[in-house]
Amino acid sequence: MAGLNILSQTPSPWQLPASSTSSSLSYSLRFPHFYDFNNIYNCGDFKCWKIGSTNSPLSGNPRAKRPTLSSQMLPHLSNSSGSGYSWMQDKSASCDNFSPNGRKQGPLNAVSSKEIAQVSSVDDLYEFICSGPLISKIGLTSEKVAESIDKWIEYGLRLCRLFQLNQLSLNEAQKIRIYHYYIPVFLWCEQEISQHSSKFKEEEEIPPLVIGFSAPQGCGKTTLVFALEYLFKITGRRAATISIDDFYLTAEEQAKLRDSNPGNLLLEFRGNAGSHDLPLSVETLTALSKLTKEGVKMKLPRYDKSAYSGRGDRADPSEWPEVEGPLPVILFEGWMLGFKPLPPEVVKAVNPQLETVNKNLETYYDAWHKFVKSWIVIKIQDPSYVYQWRLQAEIAMRADGKAGMTDEEVKDFVSRYLPAYKAYLPTLYSEGPSGSDPEHVLLIDIDEGRNPILGC
């Protein structure tokens with residue numbers, strides 16, 4: 001399985017150009033490199049798309065004997081010649097004339113209209129999807145994939161456009177990220193929402209389902225959540241996205257926390273338990289749970305990490321994005337979401353300064369975790385990946401001519417989080433998040449390239 005080069009100075013294919021800023025206030029602070037969803041539609045005549053060859057064995061689950069796709073399964077995807085399938089006929093996800101922020105822009109990474117593109121068949125795509133490590137985890141079979149292949153195709157085309165990928169030549173890492181990761185997770189979220197809704201009577205108002213995403217820093221959780229919110233958008237459903245970062249203390253409150261814990265490096269800056277405004281968390285999550293009617297609106301808090309030379313501060317409420325009901329789902333993400341307090345002697349053995357953080361963590365269940373009914377836990381094999389991922393991001397920033405942390409500064413930054421990772425991740429992975437129902441937890445193992453793999 002092809003992975004991304006962690007120490008490469010080339011930006012990840014999932015990092016959009018820095019000049020591409022969203023026109024939507026909702027994403028001005030959270031996703032500065034992404035486009036407004038409202039500009040994704042009706043953008044040209046899509047001709048063809050290559051996903052690549054499957055002549056060599058694929059990584060992931062061993063291939064089992066699978067049903068053959070037929071024209072009966074996919075009548076609207078068969079090509080005009082009748083000689084197989086061309087899964088690039090659907091113009092609903094086309095992208096030639098996509099114009100971010102209302103400015104006309106030509107196709108990105110496109111080939112000449114005279115160039116003949118090699119096109120893989122639906123069967124190739126189907127085989128690739130079925131080889132993914134999450135298929136069985138989300139309860140899908142090869143037969144179910146075959147029945148819903150048209151959805152996979154459309155979602156893939158839409159995501160390709162969203163991330164400005166070359167539709168004619170996706171590399172292995174890009175194929176994996178779309179068809180083995182983002183789309184399977186989206187389908188699992190749909191299943192969870194459906195099960196959640198079924199618990200209520202027809203005349204009852206259905207509160208939004210809160211899906212928690214617990215994942216280490218730098219592993220791609222923000223991009224994953226962004227892709228999911230976009231897929232909800234194109235399927236006609238609203239979603240609210242919040243992060244534990246949105247609930248950090250103000251700069252003034254953080255200074256008070258630091259002064260009241262002299263010498264504790266884990267509480268010197270934002271990040272660990274104790275550096276969050278928990279009453280604001282409860283207020284926000286409670287209000288979101290009541291967005292069940294059309295026209296009911298509220299603002300979501302946001303945090304500006306660039307304030308005070310990177311120390312950060314809560315963004316001015318005038319910059320907070322507005323969300324409107326009815327909401328079927330809330331996507332709540334964070335690096336320490338779901339962490340459980342441990343016996344004092346356990347955390348002390350990891351780092352004595354973690355004792356205060358551990359005590360602070362006792363209040364987080366009522367503020368965060370009790371609201372979350374479904375969980376996605378992204379599992380890493382080694383917490384040191386966080387350092388590698390952060391270093392990769394800083395190297396890319398410096399290569400792009402932007403101010404970035406030195407290698408020593410990166411090491412110092414990550415060192416303030418590693419004790420919590422070492423203490424709490426084993427329990428998170430073995431027992432699940434705080435207060436979770438095992439039937440509603442999706443555990444995803446990823447490698448150093450941030451791609452899903454078969455769990456140990």
# chains A, B, ... in the order shown; residues from 1 in each chain; ligands from 1
>>> residues_around(residues="region 273-283 of chain A", least_positions_apart="5", cutoff="6 Å", atoms="only C-alpha atoms", output="ChimeraX atom specification")
/A:247-249,357,360-361,367
>>> write_last_selection(atoms="all heavy atoms", output="tab-separated table (two decimals), in the first residue's frame")
chain	number	residue	atom	x	y	z
A	247	PHE	N	-13.25	25.31	22.31
A	247	PHE	CA	-13.59	25.53	23.71
A	247	PHE	C	-12.37	25.87	24.58
A	247	PHE	O	-12.45	25.81	25.81
A	247	PHE	CB	-14.31	24.31	24.28
A	247	PHE	CG	-15.56	23.95	23.52
A	247	PHE	CD1	-15.78	22.65	23.08
A	247	PHE	CD2	-16.52	24.91	23.25
A	247	PHE	CE1	-16.94	22.32	22.39
A	247	PHE	CE2	-17.68	24.59	22.55
A	247	PHE	CZ	-17.88	23.29	22.12
A	248	TYR	N	-11.25	26.21	23.95
A	248	TYR	CA	-10.10	26.63	24.73
A	248	TYR	C	-10.43	27.88	25.55
A	248	TYR	O	-11.26	28.71	25.15
A	248	TYR	CB	-8.91	26.95	23.82
A	248	TYR	CG	-8.13	25.74	23.35
A	248	TYR	CD1	-7.72	25.63	22.03
A	248	TYR	CD2	-7.79	24.72	24.24
A	248	TYR	CE1	-7.00	24.53	21.59
A	248	TYR	CE2	-7.07	23.61	23.80
A	248	TYR	CZ	-6.68	23.52	22.49
A	248	TYR	OH	-5.97	22.44	22.06
A	249	LEU	N	-9.76	28.02	26.68
A	249	LEU	CA	-9.89	29.23	27.49
A	249	LEU	C	-9.44	30.45	26.70
A	249	LEU	O	-8.66	30.33	25.75
A	249	LEU	CB	-9.02	29.10	28.75
A	249	LEU	CG	-9.36	27.97	29.73
A	249	LEU	CD1	-8.29	27.88	30.81
A	249	LEU	CD2	-10.74	28.19	30.35
A	357	VAL	N	-3.45	17.27	35.37
A	357	VAL	CA	-4.23	17.10	34.14
A	357	VAL	C	-5.24	15.97	34.32
A	357	VAL	O	-6.41	16.08	33.93
A	357	VAL	CB	-3.29	16.79	32.94
A	357	VAL	CG1	-4.11	16.42	31.70
A	357	VAL	CG2	-2.39	17.99	32.65
A	360	ASN	N	-8.11	17.11	36.38
A	360	ASN	CA	-8.98	17.97	35.57
A	360	ASN	C	-9.88	17.15	34.65
A	360	ASN	O	-11.03	17.52	34.38
A	360	ASN	CB	-8.14	18.93	34.71
A	360	ASN	CG	-7.37	19.94	35.53
A	360	ASN	OD1	-7.76	20.25	36.66
A	360	ASN	ND2	-6.29	20.46	34.97
A	361	LEU	N	-9.37	16.02	34.18
A	361	LEU	CA	-10.10	15.20	33.22
A	361	LEU	C	-11.38	14.61	33.80
A	361	LEU	O	-12.29	14.24	33.05
A	361	LEU	CB	-9.17	14.08	32.72
A	361	LEU	CG	-9.59	13.28	31.49
A	361	LEU	CD1	-9.81	14.19	30.28
A	361	LEU	CD2	-8.53	12.23	31.15
A	367	ALA	N	-19.12	17.39	30.51
A	367	ALA	CA	-19.01	18.54	29.61
A	367	ALA	C	-18.97	18.13	28.15
A	367	ALA	O	-19.46	18.86	27.29
A	367	ALA	CB	-17.75	19.34	29.95
>>> select_by_dssp(residues="region 203-269 of chain A", states="alpha helix (DSSP H)", output="tab-separated table (two decimals) with N, CA, C and O atoms, in the first residue's frame")
chain	number	residue	atom	x	y	z
A	221	LYS	N	-7.71	14.21	10.92
A	221	LYS	CA	-9.10	14.17	11.36
A	221	LYS	C	-9.89	15.39	10.90
A	221	LYS	O	-11.07	15.29	10.56
A	222	THR	N	-9.24	16.57	10.87
A	222	THR	CA	-9.94	17.78	10.43
A	222	THR	C	-10.33	17.67	8.96
A	222	THR	O	-11.43	18.04	8.56
A	223	THR	N	-9.43	17.12	8.15
A	223	THR	CA	-9.74	16.92	6.73
A	223	THR	C	-10.83	15.87	6.55
A	223	THR	O	-11.72	16.02	5.72
A	224	LEU	N	-10.77	14.81	7.35
A	224	LEU	CA	-11.82	13.78	7.30
A	224	LEU	C	-13.18	14.38	7.62
A	224	LEU	O	-14.16	14.16	6.89
A	225	VAL	N	-13.24	15.15	8.70
A	225	VAL	CA	-14.51	15.76	9.11
A	225	VAL	C	-14.99	16.74	8.05
A	225	VAL	O	-16.20	16.81	7.76
A	226	PHE	N	-14.08	17.48	7.46
A	226	PHE	CA	-14.45	18.39	6.39
A	226	PHE	C	-15.08	17.65	5.21
A	226	PHE	O	-16.10	18.06	4.66
A	227	ALA	N	-14.46	16.52	4.81
A	227	ALA	CA	-14.99	15.72	3.72
A	227	ALA	C	-16.36	15.17	4.06
A	227	ALA	O	-17.27	15.16	3.21
A	228	LEU	N	-16.55	14.75	5.29
A	228	LEU	CA	-17.85	14.20	5.70
A	228	LEU	C	-18.91	15.28	5.68
A	228	LEU	O	-20.04	15.05	5.21
A	229	GLU	N	-18.59	16.46	6.19
A	229	GLU	CA	-19.58	17.54	6.18
A	229	GLU	C	-19.98	17.89	4.75
A	229	GLU	O	-21.15	18.17	4.46
A	230	TYR	N	-19.01	17.86	3.85
A	230	TYR	CA	-19.31	18.13	2.44
A	230	TYR	C	-20.24	17.06	1.86
A	230	TYR	O	-21.19	17.38	1.14
A	231	LEU	N	-19.98	15.80	2.17
A	231	LEU	CA	-20.84	14.73	1.66
A	231	LEU	C	-22.25	14.84	2.22
A	231	LEU	O	-23.23	14.56	1.53
A	232	PHE	N	-22.36	15.25	3.48
A	232	PHE	CA	-23.70	15.49	4.02
A	232	PHE	C	-24.37	16.63	3.26
A	232	PHE	O	-25.57	16.58	2.97
A	233	LYS	N	-23.61	17.65	2.93
A	233	LYS	CA	-24.15	18.80	2.20
A	233	LYS	C	-24.72	18.37	0.85
A	233	LYS	O	-25.85	18.75	0.51
A	234	ILE	N	-23.96	17.59	0.09
A	234	ILE	CA	-24.42	17.24	-1.25
A	234	ILE	C	-25.55	16.21	-1.24
A	234	ILE	O	-26.22	16.02	-2.25
A	251	ALA	N	-7.30	33.92	26.16
A	251	ALA	CA	-5.89	34.16	26.45
A	251	ALA	C	-5.69	34.58	27.91
A	251	ALA	O	-4.74	34.14	28.58
A	252	GLU	N	-6.59	35.40	28.40
A	252	GLU	CA	-6.49	35.86	29.78
A	252	GLU	C	-6.69	34.71	30.76
A	252	GLU	O	-5.95	34.58	31.75
A	253	GLU	N	-7.67	33.86	30.48
A	253	GLU	CA	-7.92	32.72	31.36
A	253	GLU	C	-6.78	31.70	31.31
A	253	GLU	O	-6.43	31.08	32.32
A	254	GLN	N	-6.19	31.53	30.12
A	254	GLN	CA	-5.07	30.61	29.99
A	254	GLN	C	-3.87	31.11	30.79
A	254	GLN	O	-3.13	30.32	31.41
A	255	ALA	N	-3.66	32.42	30.80
A	255	ALA	CA	-2.56	33.00	31.59
A	255	ALA	C	-2.78	32.73	33.08
A	255	ALA	O	-1.82	32.42	33.82
A	256	LYS	N	-4.01	32.82	33.52
A	256	LYS	CA	-4.32	32.53	34.93
A	256	LYS	C	-4.07	31.06	35.26
A	256	LYS	O	-3.56	30.73	36.34
A	257	LEU	N	-4.42	30.17	34.33
A	257	LEU	CA	-4.18	28.74	34.53
A	257	LEU	C	-2.68	28.48	34.64
A	257	LEU	O	-2.23	27.71	35.51
A	258	ARG	N	-1.91	29.12	33.79
A	258	ARG	CA	-0.45	28.95	33.82
A	258	ARG	C	0.13	29.45	35.14
A	258	ARG	O	0.97	28.78	35.76
A	259	ASP	N	-0.34	30.60	35.59
A	259	ASP	CA	0.19	31.19	36.83
A	259	ASP	C	-0.20	30.37	38.06
A	259	ASP	O	0.55	30.35	39.05
A	260	SER	N	-1.33	29.70	37.99
A	260	SER	CA	-1.78	28.90	39.14
A	260	SER	C	-1.15	27.51	39.15
A	260	SER	O	-1.34	26.75	40.12
>>> closest_atom_pairs(of="region 176-200 of chain A", to="region 136-142 of chain A", cutoff="8 Å", atoms="only C-alpha atoms", output="Markdown table")
| residue | atom | partner | partner_atom | distance |
| --- | --- | --- | --- | --- |
| A:Pro184 | CA | A:Ile138 | CA | 7.3 |
| A:Val185 | CA | A:Ile138 | CA | 7.9 |
| A:Leu187 | CA | A:Ile138 | CA | 7.9 |
| A:Trp188 | CA | A:Ile138 | CA | 5.7 |
>>> atom_distance(atom1="CA of Val386 (chain A)", atom2="CA of Gly449 (chain A)")
11.5 Å
>>> residues_around(residues="region 297-307 of chain A", least_positions_apart="5", cutoff="9 Å", atoms="only C-alpha atoms", output="number ranges by chain")
A: 26, 29-30, 240-243, 245-248, 250-251, 280, 284, 287-288, 291, 312-317, 319-325
>>> write_last_selection(atoms="N, CA, C and O atoms", output="compact mmCIF listing (two decimals), in the first residue's frame")
# COMPACT_ATOMS: atom_id res chain seq x y z
N SER A 26 -18.14 30.49 7.86
CA SER A 26 -18.11 29.26 8.64
C SER A 26 -16.76 28.59 8.60
O SER A 26 -16.38 27.88 9.50
N LEU A 29 -12.02 30.39 9.90
CA LEU A 29 -11.08 30.06 10.96
C LEU A 29 -10.74 28.58 10.97
O LEU A 29 -9.61 28.20 11.24
N ARG A 30 -11.71 27.73 10.69
CA ARG A 30 -11.49 26.29 10.81
C ARG A 30 -10.79 25.71 9.60
O ARG A 30 -9.86 24.93 9.72
N ALA A 240 -23.30 20.25 11.63
CA ALA A 240 -22.51 21.23 12.37
C ALA A 240 -21.19 20.58 12.75
O ALA A 240 -21.15 19.41 13.15
N THR A 241 -20.11 21.33 12.61
CA THR A 241 -18.79 20.82 12.95
C THR A 241 -18.20 21.65 14.08
O THR A 241 -18.14 22.88 13.99
N ILE A 242 -17.79 20.98 15.13
CA ILE A 242 -17.14 21.66 16.24
C ILE A 242 -15.90 20.86 16.64
O ILE A 242 -15.80 19.66 16.38
N SER A 243 -14.96 21.55 17.26
CA SER A 243 -13.73 20.93 17.72
C SER A 243 -13.53 21.27 19.18
O SER A 243 -14.01 22.30 19.67
N ASP A 245 -10.95 22.36 20.20
CA ASP A 245 -10.18 23.61 20.11
C ASP A 245 -11.08 24.83 20.29
O ASP A 245 -10.63 25.87 20.79
N ASP A 246 -12.33 24.72 19.85
CA ASP A 246 -13.25 25.85 19.95
C ASP A 246 -13.56 26.22 21.39
O ASP A 246 -14.06 27.32 21.65
N PHE A 247 -13.25 25.31 22.31
CA PHE A 247 -13.59 25.53 23.71
C PHE A 247 -12.37 25.87 24.58
O PHE A 247 -12.45 25.81 25.81
N TYR A 248 -11.25 26.21 23.95
CA TYR A 248 -10.10 26.63 24.73
C TYR A 248 -10.43 27.88 25.55
O TYR A 248 -11.26 28.71 25.15
N THR A 250 -9.93 31.60 27.08
CA THR A 250 -9.44 32.83 26.47
C THR A 250 -7.98 33.02 26.85
O THR A 250 -7.46 32.36 27.76
N ALA A 251 -7.30 33.92 26.16
CA ALA A 251 -5.89 34.16 26.45
C ALA A 251 -5.69 34.58 27.91
O ALA A 251 -4.74 34.14 28.58
N LEU A 280 -18.78 26.64 28.58
CA LEU A 280 -19.07 26.99 27.19
C LEU A 280 -19.36 25.73 26.38
O LEU A 280 -20.23 25.73 25.50
N THR A 284 -22.88 25.14 24.48
CA THR A 284 -22.89 24.97 23.02
C THR A 284 -23.53 23.65 22.61
O THR A 284 -24.40 23.59 21.73
N ALA A 287 -27.30 23.60 23.27
CA ALA A 287 -28.04 24.41 22.28
C ALA A 287 -28.10 23.71 20.93
O ALA A 287 -29.13 23.73 20.26
N LEU A 288 -27.01 23.08 20.53
CA LEU A 288 -26.99 22.37 19.26
C LEU A 288 -28.00 21.22 19.24
O LEU A 288 -28.63 20.94 18.22
N LEU A 291 -31.46 22.12 17.96
CA LEU A 291 -31.67 22.61 16.58
C LEU A 291 -32.41 21.56 15.76
O LEU A 291 -31.83 20.87 14.91
N GLY A 312 -2.68 32.17 20.99
CA GLY A 312 -4.09 31.91 20.73
C GLY A 312 -5.04 32.67 21.63
O GLY A 312 -4.68 33.10 22.73
N ASP A 313 -6.27 32.81 21.15
CA ASP A 313 -7.33 33.44 21.92
C ASP A 313 -8.66 33.11 21.24
O ASP A 313 -8.70 32.77 20.05
N ARG A 314 -9.72 33.22 21.99
CA ARG A 314 -11.03 32.95 21.41
C ARG A 314 -11.34 34.02 20.37
O ARG A 314 -11.09 35.21 20.59
N ALA A 315 -11.86 33.60 19.23
CA ALA A 315 -12.21 34.55 18.17
C ALA A 315 -13.35 35.44 18.63
O ALA A 315 -14.18 35.05 19.47
N ASP A 316 -13.40 36.62 18.07
CA ASP A 316 -14.49 37.54 18.38
C ASP A 316 -15.81 36.93 17.92
O ASP A 316 -15.88 36.33 16.85
N PRO A 317 -16.87 37.02 18.74
CA PRO A 317 -18.16 36.43 18.36
C PRO A 317 -18.68 36.88 17.00
O PRO A 317 -19.44 36.15 16.36
N GLU A 319 -17.11 36.83 14.41
CA GLU A 319 -16.51 35.94 13.42
C GLU A 319 -16.99 34.49 13.56
O GLU A 319 -16.57 33.63 12.79
N TRP A 320 -17.82 34.25 14.54
CA TRP A 320 -18.32 32.89 14.72
C TRP A 320 -19.31 32.54 13.60
O TRP A 320 -20.19 33.34 13.27
N PRO A 321 -19.20 31.34 13.04
CA PRO A 321 -20.14 30.94 11.99
C PRO A 321 -21.52 30.62 12.57
O PRO A 321 -21.65 30.25 13.75
N GLU A 322 -22.52 30.75 11.73
CA GLU A 322 -23.89 30.46 12.14
C GLU A 322 -24.35 29.14 11.55
O GLU A 322 -24.06 28.83 10.39
N VAL A 323 -25.07 28.38 12.33
CA VAL A 323 -25.61 27.12 11.86
C VAL A 323 -27.12 27.14 12.08
O VAL A 323 -27.61 27.74 13.03
N GLU A 324 -27.83 26.50 11.15
CA GLU A 324 -29.30 26.53 11.18
C GLU A 324 -29.86 25.12 11.21
O GLU A 324 -29.33 24.19 10.59
N GLY A 325 -30.95 24.94 11.95
CA GLY A 325 -31.63 23.65 12.01
C GLY A 325 -32.51 23.44 10.80
O GLY A 325 -32.71 24.36 10.00
>>> residues_around(residues="Gly156 (chain A)", least_positions_apart="3", cutoff="8 Å", atoms="only C-alpha atoms", output="list in words")
Trp152, Ile153, Leu159, Cys160, Ile178, Tyr179 and Ile183 of chain A
>>> closest_residue(among="A:Gly295, A:Ala423, A:Glu408, A:Glu394", to="Glu345 (chain A)", atoms="only C-alpha atoms")
A:Ala423
>>> closest_atom_pairs(of="region 344-386 of chain A", to="region 409-416 of chain A", cutoff="12 Å", atoms="only C-alpha atoms", output="Markdown table")
| residue | atom | partner | partner_atom | distance |
| --- | --- | --- | --- | --- |
| A:Asn351 | CA | A:Arg416 | CA | 10.6 |
| A:Gln353 | CA | A:Arg416 | CA | 10.2 |
| A:Leu354 | CA | A:Arg416 | CA | 10.0 |
| A:Val357 | CA | A:Arg416 | CA | 11.5 |
| A:Pro383 | CA | A:Val414 | CA | 10.0 |
| A:Ser384 | CA | A:Val414 | CA | 9.0 |
| A:Tyr385 | CA | A:Val414 | CA | 10.3 |
| A:Val386 | CA | A:Val414 | CA | 7.2 |
>>> closest_residue(among="A:Leu134, A:Leu337, A:Leu342, A:Ile444", to="Val372 (chain A)", atoms="only C-alpha atoms")
A:Leu337
>>> atom_distance(atom1="CA of Lys370 (chain A)", atom2="CA of Arg450 (chain A)")
28.4 Å
>>> atom_distance(atom1="CA of Gln381 (chain A)", atom2="CA of Gly132 (chain A)")
18.9 Å
>>> closest_residue(among="A:Ile244, A:Val122, A:Ala420, A:Ile453", to="Pro352 (chain A)", atoms="only C-alpha atoms")
A:Ala420
>>> residues_around(residues="Gly432 (chain A)", least_positions_apart="6", cutoff="10 Å", atoms="only C-alpha atoms", output="list in words")
Gly338, Phe339, Lys340, Trp375, Ile376, Val377, Leu425, Pro426, Pro438, Val441, Leu442 and Leu443 of chain A
>>> write_last_selection(atoms="N, CA and C atoms", output="short mmCIF file (atom, residue, chain, number, x, y, z; two decimals), in the first residue's frame")
data_model
loop_
_atom_site.label_atom_id
_atom_site.label_comp_id
_atom_site.auth_asym_id
_atom_site.auth_seq_id
_atom_site.Cartn_x
_atom_site.Cartn_y
_atom_site.Cartn_z
N GLY A 338 -12.69 11.66 24.49
CA GLY A 338 -12.89 10.27 24.92
C GLY A 338 -11.90 9.77 25.94
N PHE A 339 -10.89 10.59 26.29
CA PHE A 339 -9.92 10.14 27.29
C PHE A 339 -10.59 9.95 28.65
N LYS A 340 -10.21 8.88 29.36
CA LYS A 340 -10.75 8.58 30.68
C LYS A 340 -9.69 8.85 31.75
N TRP A 375 -19.07 6.99 18.05
CA TRP A 375 -17.66 7.36 18.11
C TRP A 375 -16.87 6.80 16.94
N ILE A 376 -15.95 7.62 16.44
CA ILE A 376 -14.93 7.15 15.51
C ILE A 376 -13.58 7.40 16.18
N VAL A 377 -12.85 6.32 16.40
CA VAL A 377 -11.55 6.40 17.05
C VAL A 377 -10.48 6.04 16.03
N LEU A 425 -3.98 6.70 25.61
CA LEU A 425 -4.32 5.99 24.37
C LEU A 425 -4.53 4.49 24.58
N PRO A 426 -3.70 3.80 25.37
CA PRO A 426 -3.94 2.34 25.53
C PRO A 426 -5.35 2.02 26.03
N PRO A 438 -19.97 0.05 22.85
CA PRO A 438 -19.14 -0.65 21.87
C PRO A 438 -19.83 -0.89 20.53
N VAL A 441 -19.10 2.23 18.10
CA VAL A 441 -17.73 2.72 18.02
C VAL A 441 -17.07 2.12 16.79
N LEU A 442 -16.50 2.96 15.95
CA LEU A 442 -15.75 2.50 14.78
C LEU A 442 -14.28 2.81 15.03
N LEU A 443 -13.48 1.76 15.19
CA LEU A 443 -12.05 1.89 15.43
C LEU A 443 -11.31 1.73 14.11
#
